[in-house]
>>> print(open('model-v3.txt').read())   # compact mmCIF, C-alpha atoms
# COMPACT_ATOMS: atom_id res chain seq x y z
CA MET A 1 -12.92 -85.41 51.00
CA VAL A 2 -11.56 -87.32 53.96
CA ASP A 3 -14.12 -88.77 56.37
CA PRO A 4 -13.97 -86.96 59.78
CA ILE A 5 -14.14 -90.34 61.51
CA ILE A 6 -10.98 -91.44 59.70
CA LEU A 7 -9.23 -88.19 60.70
CA GLN A 8 -10.32 -88.68 64.30
CA ASP A 9 -9.02 -92.26 64.36
CA PHE A 10 -5.72 -91.13 62.86
CA ALA A 11 -5.33 -88.34 65.40
CA TRP A 12 -6.21 -90.74 68.23
CA THR A 13 -3.61 -93.24 67.04
CA LEU A 14 -0.99 -90.50 66.73
CA THR A 15 -1.63 -89.23 70.26
CA THR A 16 -1.32 -92.77 71.62
CA LEU A 17 2.05 -93.19 69.91
CA LEU A 18 3.21 -89.83 71.29
CA LYS A 19 2.12 -90.88 74.79
CA LEU A 20 4.30 -93.96 74.50
CA LEU A 21 7.19 -91.81 73.24
CA LEU A 22 6.78 -89.45 76.19
CA LEU A 23 6.65 -92.40 78.56
CA PHE A 24 9.88 -93.70 77.03
CA TYR A 25 11.68 -90.40 77.63
CA LEU A 26 10.37 -90.13 81.19
CA LEU A 27 11.63 -93.60 82.04
CA ARG A 28 14.91 -93.21 80.19
CA ARG A 29 15.75 -89.89 81.87
CA ARG A 30 14.47 -91.19 85.23
CA LEU A 31 12.14 -88.23 85.60
CA TYR A 32 9.63 -90.51 87.30
CA ARG A 33 11.65 -89.89 90.47
CA SER A 34 11.05 -86.14 90.41
CA HIS A 35 7.62 -86.17 88.71
CA PRO A 36 5.81 -89.35 89.85
CA ALA A 37 2.33 -87.77 89.66
CA PHE A 38 2.87 -86.75 86.03
CA LEU A 39 3.99 -90.31 85.24
CA ILE A 40 0.83 -91.70 86.85
CA TYR A 41 -1.28 -89.28 84.83
CA LEU A 42 0.42 -90.33 81.60
CA LEU A 43 -0.09 -94.03 82.40
CA ALA A 44 -3.76 -93.34 83.14
CA THR A 45 -4.26 -91.72 79.73
CA ILE A 46 -2.56 -94.66 78.00
CA VAL A 47 -4.74 -97.19 79.82
CA GLN A 48 -7.83 -95.11 79.00
CA SER A 49 -6.95 -95.13 75.28
CA VAL A 50 -6.48 -98.90 75.25
CA VAL A 51 -9.71 -99.56 77.17
CA MET A 52 -11.77 -97.18 75.04
CA THR A 53 -10.45 -98.69 71.81
CA ALA A 54 -11.57 -102.13 72.97
CA ALA A 55 -14.94 -100.78 74.17
CA TYR A 56 -15.69 -99.00 70.89
CA ARG A 57 -14.83 -102.07 68.87
CA HIS A 58 -17.02 -104.29 71.03
CA TRP A 59 -20.06 -102.07 71.75
CA GLY A 60 -19.74 -99.21 69.25
CA PHE A 61 -19.41 -95.44 69.67
CA GLN A 62 -23.05 -94.75 70.55
CA SER A 63 -23.62 -97.51 73.11
CA MET A 64 -24.39 -96.82 76.75
CA GLN A 65 -21.66 -99.26 77.81
CA SER A 66 -19.01 -97.23 75.97
CA TRP A 67 -20.41 -94.02 77.42
CA ASN A 68 -20.21 -95.33 80.98
CA ILE A 69 -16.69 -96.69 80.49
CA TYR A 70 -15.50 -93.41 78.99
CA TRP A 71 -16.78 -91.21 81.80
CA GLY A 72 -15.58 -93.64 84.45
CA GLY A 73 -12.10 -93.56 82.96
CA GLN A 74 -12.33 -89.80 82.49
CA GLY A 75 -12.91 -89.39 86.21
CA VAL A 76 -9.71 -91.31 86.96
CA VAL A 77 -7.73 -89.30 84.39
CA VAL A 78 -8.98 -85.97 85.76
CA CYS A 79 -8.00 -86.97 89.31
CA THR A 80 -4.50 -87.93 88.20
CA ARG A 81 -4.25 -84.67 86.25
CA TRP A 82 -5.07 -82.74 89.41
CA LEU A 83 -2.32 -84.61 91.24
CA ALA A 84 0.17 -83.75 88.49
CA ILE A 85 -0.80 -80.06 88.60
CA VAL A 86 -0.52 -79.92 92.38
CA GLU A 87 2.91 -81.55 92.01
CA ILE A 88 3.96 -78.76 89.63
CA ALA A 89 2.70 -76.06 91.99
CA ARG A 90 4.44 -77.65 94.96
CA LYS A 91 7.74 -77.79 93.06
CA LEU A 92 7.47 -74.13 92.12
CA LEU A 93 6.63 -72.97 95.65
CA THR A 94 8.44 -75.54 97.77
CA ASN A 95 10.94 -72.94 99.03
CA TYR A 96 8.13 -70.57 100.07
CA PRO A 97 5.77 -72.44 102.44
CA GLY A 98 3.67 -69.37 103.14
CA ILE A 99 2.92 -68.81 99.45
CA TRP A 100 2.28 -72.53 99.02
CA ARG A 101 -0.26 -72.57 101.84
CA LEU A 102 -2.05 -69.63 100.23
CA ALA A 103 -1.99 -71.30 96.79
CA ASN A 104 -3.24 -74.55 98.29
CA ARG A 105 -6.27 -72.79 99.73
CA LEU A 106 -6.76 -70.94 96.47
CA LEU A 107 -6.80 -74.27 94.62
CA PHE A 108 -9.58 -75.58 96.84
CA ALA A 109 -11.63 -72.39 96.62
CA VAL A 110 -11.30 -72.02 92.85
CA GLY A 111 -12.18 -75.68 92.29
CA ILE A 112 -15.35 -75.52 94.39
CA CYS A 113 -16.47 -72.25 92.80
CA ALA A 114 -15.87 -73.49 89.26
CA LEU A 115 -17.71 -76.75 89.86
CA THR A 116 -20.65 -74.95 91.46
CA TYR A 117 -20.85 -72.48 88.59
CA SER A 118 -20.80 -75.22 85.95
CA VAL A 119 -23.53 -77.24 87.63
CA LEU A 120 -25.75 -74.19 88.16
CA SER A 121 -25.22 -73.03 84.58
CA SER A 122 -26.52 -76.34 83.22
CA ALA A 123 -30.04 -74.84 83.12
CA HIS A 124 -31.48 -77.97 84.76
CA LYS A 125 -30.20 -80.26 82.02
CA TRP A 126 -29.47 -82.93 84.58
CA GLN A 127 -29.04 -85.64 81.93
CA PHE A 128 -25.80 -83.88 81.01
CA ALA A 129 -24.70 -83.27 84.59
CA VAL A 130 -21.53 -85.33 84.23
CA VAL A 131 -20.53 -83.26 81.19
CA TYR A 132 -21.01 -80.01 83.10
CA VAL A 133 -19.07 -81.32 86.08
CA ASP A 134 -16.21 -82.30 83.77
CA ARG A 135 -16.27 -78.82 82.24
CA GLY A 136 -16.21 -77.32 85.73
CA VAL A 137 -13.16 -79.37 86.65
CA GLU A 138 -11.35 -78.25 83.50
CA LEU A 139 -12.33 -74.65 84.26
CA SER A 140 -10.94 -74.91 87.78
CA ILE A 141 -7.70 -76.40 86.43
CA ALA A 142 -7.30 -73.57 83.92
CA ALA A 143 -8.10 -70.91 86.53
CA PHE A 144 -5.64 -72.34 89.03
CA LEU A 145 -2.80 -72.59 86.48
CA VAL A 146 -3.37 -69.04 85.25
CA SER A 147 -3.38 -67.82 88.85
CA LEU A 148 -0.18 -69.76 89.52
CA PHE A 149 1.56 -68.13 86.56
CA LEU A 150 0.42 -64.67 87.66
CA ILE A 151 1.68 -65.22 91.21
CA ALA A 152 5.02 -66.54 89.96
CA ARG A 153 5.43 -63.61 87.58
CA TYR A 154 4.44 -60.91 90.04
CA TYR A 155 6.65 -62.16 92.88
CA ARG A 156 9.45 -63.32 90.55
CA VAL A 157 9.31 -66.95 91.58
CA PRO A 158 11.80 -68.82 89.36
CA VAL A 159 10.00 -71.28 87.08
CA ALA A 160 12.04 -74.18 85.71
CA GLY A 161 11.71 -75.00 82.02
CA LEU A 162 10.19 -78.43 82.54
CA GLU A 163 7.56 -77.25 85.04
CA ARG A 164 6.76 -74.27 82.83
CA TYR A 165 6.00 -76.38 79.77
CA LEU A 166 4.12 -79.01 81.75
CA ALA A 167 1.89 -76.30 83.17
CA ILE A 168 1.43 -74.66 79.75
CA GLY A 169 0.40 -78.00 78.26
CA PHE A 170 -2.18 -78.59 80.99
CA SER A 171 -3.57 -75.05 80.76
CA LEU A 172 -3.73 -75.21 76.95
CA TYR A 173 -5.81 -78.37 77.03
CA SER A 174 -8.10 -77.25 79.86
CA CYS A 175 -8.73 -73.78 78.38
CA PHE A 176 -9.57 -75.20 74.98
CA TRP A 177 -11.80 -77.88 76.51
CA VAL A 178 -13.84 -75.28 78.38
CA ILE A 179 -14.19 -73.01 75.34
CA ASN A 180 -14.99 -75.89 73.02
CA ALA A 181 -17.59 -77.42 75.34
CA SER A 182 -19.23 -74.03 75.94
CA LEU A 183 -19.54 -73.28 72.22
CA VAL A 184 -20.96 -76.71 71.47
CA ASP A 185 -23.43 -76.39 74.34
CA ARG A 186 -24.51 -72.98 73.03
CA TRP A 187 -25.00 -73.86 69.35
CA GLY A 188 -25.85 -77.55 69.39
CA ALA A 189 -23.93 -80.48 70.85
CA ALA A 190 -25.31 -83.19 68.58
CA SER A 191 -24.28 -81.70 65.24
CA LEU A 192 -20.82 -80.66 66.41
CA GLU A 193 -19.91 -83.64 68.58
CA GLY A 194 -17.57 -85.17 66.01
CA LEU A 195 -15.81 -81.87 65.37
CA ARG A 196 -15.49 -81.21 69.08
CA ASN A 197 -13.87 -84.59 69.69
CA PHE A 198 -11.46 -84.08 66.79
CA LEU A 199 -10.39 -80.61 67.98
CA GLU A 200 -10.01 -81.91 71.54
CA ILE A 201 -7.64 -84.63 70.30
CA LEU A 202 -5.64 -82.06 68.31
CA THR A 203 -5.29 -79.86 71.39
CA PHE A 204 -4.05 -82.77 73.47
CA LEU A 205 -1.68 -83.59 70.62
CA ALA A 206 -0.21 -80.10 70.89
CA SER A 207 0.21 -80.54 74.65
CA LEU A 208 2.00 -83.85 74.11
CA LEU A 209 4.42 -82.23 71.66
CA LEU A 210 5.16 -79.50 74.21
CA TRP A 211 5.80 -82.07 76.93
CA ILE A 212 8.03 -84.24 74.75
CA GLY A 213 10.11 -81.23 73.75
CA ALA A 214 10.37 -80.08 77.38
CA VAL A 215 11.47 -83.52 78.61
CA ARG A 216 14.13 -83.79 75.90
CA LYS A 217 15.38 -80.25 76.54
CA HIS A 218 15.42 -80.83 80.29
CA ALA A 219 17.47 -84.01 79.81
CA VAL A 220 20.03 -82.21 77.61
CA ALA A 221 20.32 -79.38 80.08
CA ARG A 222 21.05 -81.83 82.89
CA ALA A 223 23.59 -83.74 80.81
CA VAL A 224 25.66 -80.69 79.85
CA THR A 225 27.92 -79.17 82.51
CA VAL A 226 28.34 -75.43 82.08
CA PRO A 227 30.95 -73.46 84.05
CA ALA A 228 29.64 -70.78 86.37
CA PRO A 229 29.66 -67.43 84.48
CA VAL A 230 30.02 -65.38 87.68
CA SER A 231 31.90 -65.73 90.91
CA PRO A 232 30.18 -67.20 93.98
CA GLU A 233 30.30 -63.82 95.71
CA THR A 234 28.56 -62.05 92.83
CA TYR A 235 25.99 -64.83 92.53
CA ALA A 236 25.19 -64.65 96.25
CA LYS A 237 24.75 -60.89 96.05
CA LEU A 238 22.44 -61.08 93.04
CA SER A 239 20.40 -63.89 94.58
CA LEU A 240 19.94 -61.90 97.76
CA GLU A 241 18.66 -58.87 95.85
CA VAL A 242 16.29 -60.87 93.63
CA ASN A 243 14.79 -63.01 96.41
CA ALA A 244 14.50 -60.37 99.13
CA ARG A 245 10.91 -59.49 98.31
CA LEU A 246 9.94 -63.15 98.00
CA HIS A 247 11.26 -64.03 101.45
CA LEU A 248 9.59 -60.97 102.94
CA LEU A 249 6.28 -61.96 101.40
CA ASN A 250 6.72 -65.53 102.58
CA GLU A 251 7.29 -64.44 106.17
CA ARG A 252 4.25 -62.19 106.11
CA LEU A 253 2.05 -64.94 104.71
CA VAL A 254 3.24 -67.45 107.29
CA HIS A 255 2.54 -64.95 110.07
CA LEU A 256 -0.87 -64.09 108.63
CA LEU A 257 -1.95 -67.70 108.19
CA ARG A 258 -0.77 -68.67 111.67
CA THR A 259 -2.74 -65.76 113.10
CA LYS A 260 -5.88 -66.90 111.31
CA ASP A 261 -5.38 -70.50 112.41
CA SER A 262 -4.96 -69.47 116.03
CA ARG A 263 -8.13 -67.38 115.90
CA SER A 264 -10.15 -70.22 114.39
>>> encode(input="model-v3.txt", output="structure tokens")
Amino acid sequence: MVDPIILQDFAWTLTTLLKLLLLFYLLRRRLYRSHPAFLIYLLATIVQSVVMTAAYRHWGFQSMQSWNIYWGGQGVVVCTRWLAIVEIARKLLTNYPGIWRLANRLLFAVGICALTYSVLSSAHKWQFAVVYVDRGVELSIAAFLVSLFLIARYYRVPVAGLERYLAIGFSLYSCFWVINASLVDRWGAASLEGLRNFLEILTFLASLLLWIGAVRKHAVARAVTVPAPVSPETYAKLSLEVNARLHLLNERLVHLLRTKDSRS
């Protein structure tokens, strides 16, 4: 039977190699110009992997020094992940400023509520406060991404392939992290810590594979020139019909938000 520690080290090494592969594609396709926040997030995860490998080799897995370094780096990674997610939302809603202003406020509200709920649900286990805060951040990320998908689907906001898969990868990791951490907290964190770490790495591995495939597909789509299947007149007519409700909603939101701002 294979030692779980060996499996965890193998999965960690594989994710690091996939991060470098994703970084290679981002730089080669020059997607850092359109997605700089996602590039910063990827670089932060690579640096975190390198630093944690050195820390574990020097101090060990159970040392307080490694614990402090991990959570310090995790704070940086989570902040860069938020920036990447906000970048995705802004790209999806950039043509609809009213909807974007509403989503921006929703992001703030959902984040505060999720963090507050996670801290209060800790049952006064203040020694694990940083763990509960991290779970609250992941919960707020998952809630915001799900809300973003629902808004885009309901109002028929066009979602590009690259942004769609980036968002799916982030939501997959955050949703699993919240579920995994909640189950471990309910039935014993000490006995399941190794399994939790291994499953967390596997989930991030799945997200990396989604992102790599999306970046490669996006690059191919940009490289191939496809003739327009319809005439410009037909395309303009169809676009007008599809986007009429979106523009109407956008105007109403802008008017509503301006009214609230003037009252305040």
>>> atom_distance(input="model-v3.txt", atom1="atom CA of A:Ala55", atom2="atom CA of A:Leu139")
28.1 Å
>>> closest_residue(input="model-v3.txt", among="A:Val157, A:Ala11, A:Ile151, A:Leu42", to="A:Thr94", atoms="all atoms listed in the file")
A:Val157
>>> residues_around(input="model-v3.txt", residues="A:Tyr173", least_positions_apart="3", cutoff="6 Å", atoms="all atoms listed in the file", output="list in words")
Phe170, Phe176, Thr203 and Phe204 of chain A
>>> residues_around(input="model-v3.txt", residues="stretch 103-109 of chain A", least_positions_apart="6", cutoff="12 Å", atoms="only C-alpha atoms", output="ChimeraX atom specification")
/A:82-83,85-90,92-94,96-97,115-116,137,139-152,250,253,257
>>> atom_distance(input="model-v3.txt", atom1="atom CA of A:His218", atom2="atom CA of A:Leu27")
13.4 Å
>>> closest_residue(input="model-v3.txt", among="A:Leu23, A:Met64, A:Leu199, A:Leu162", to="A:Asn180", atoms="only C-alpha atoms")
A:Leu199
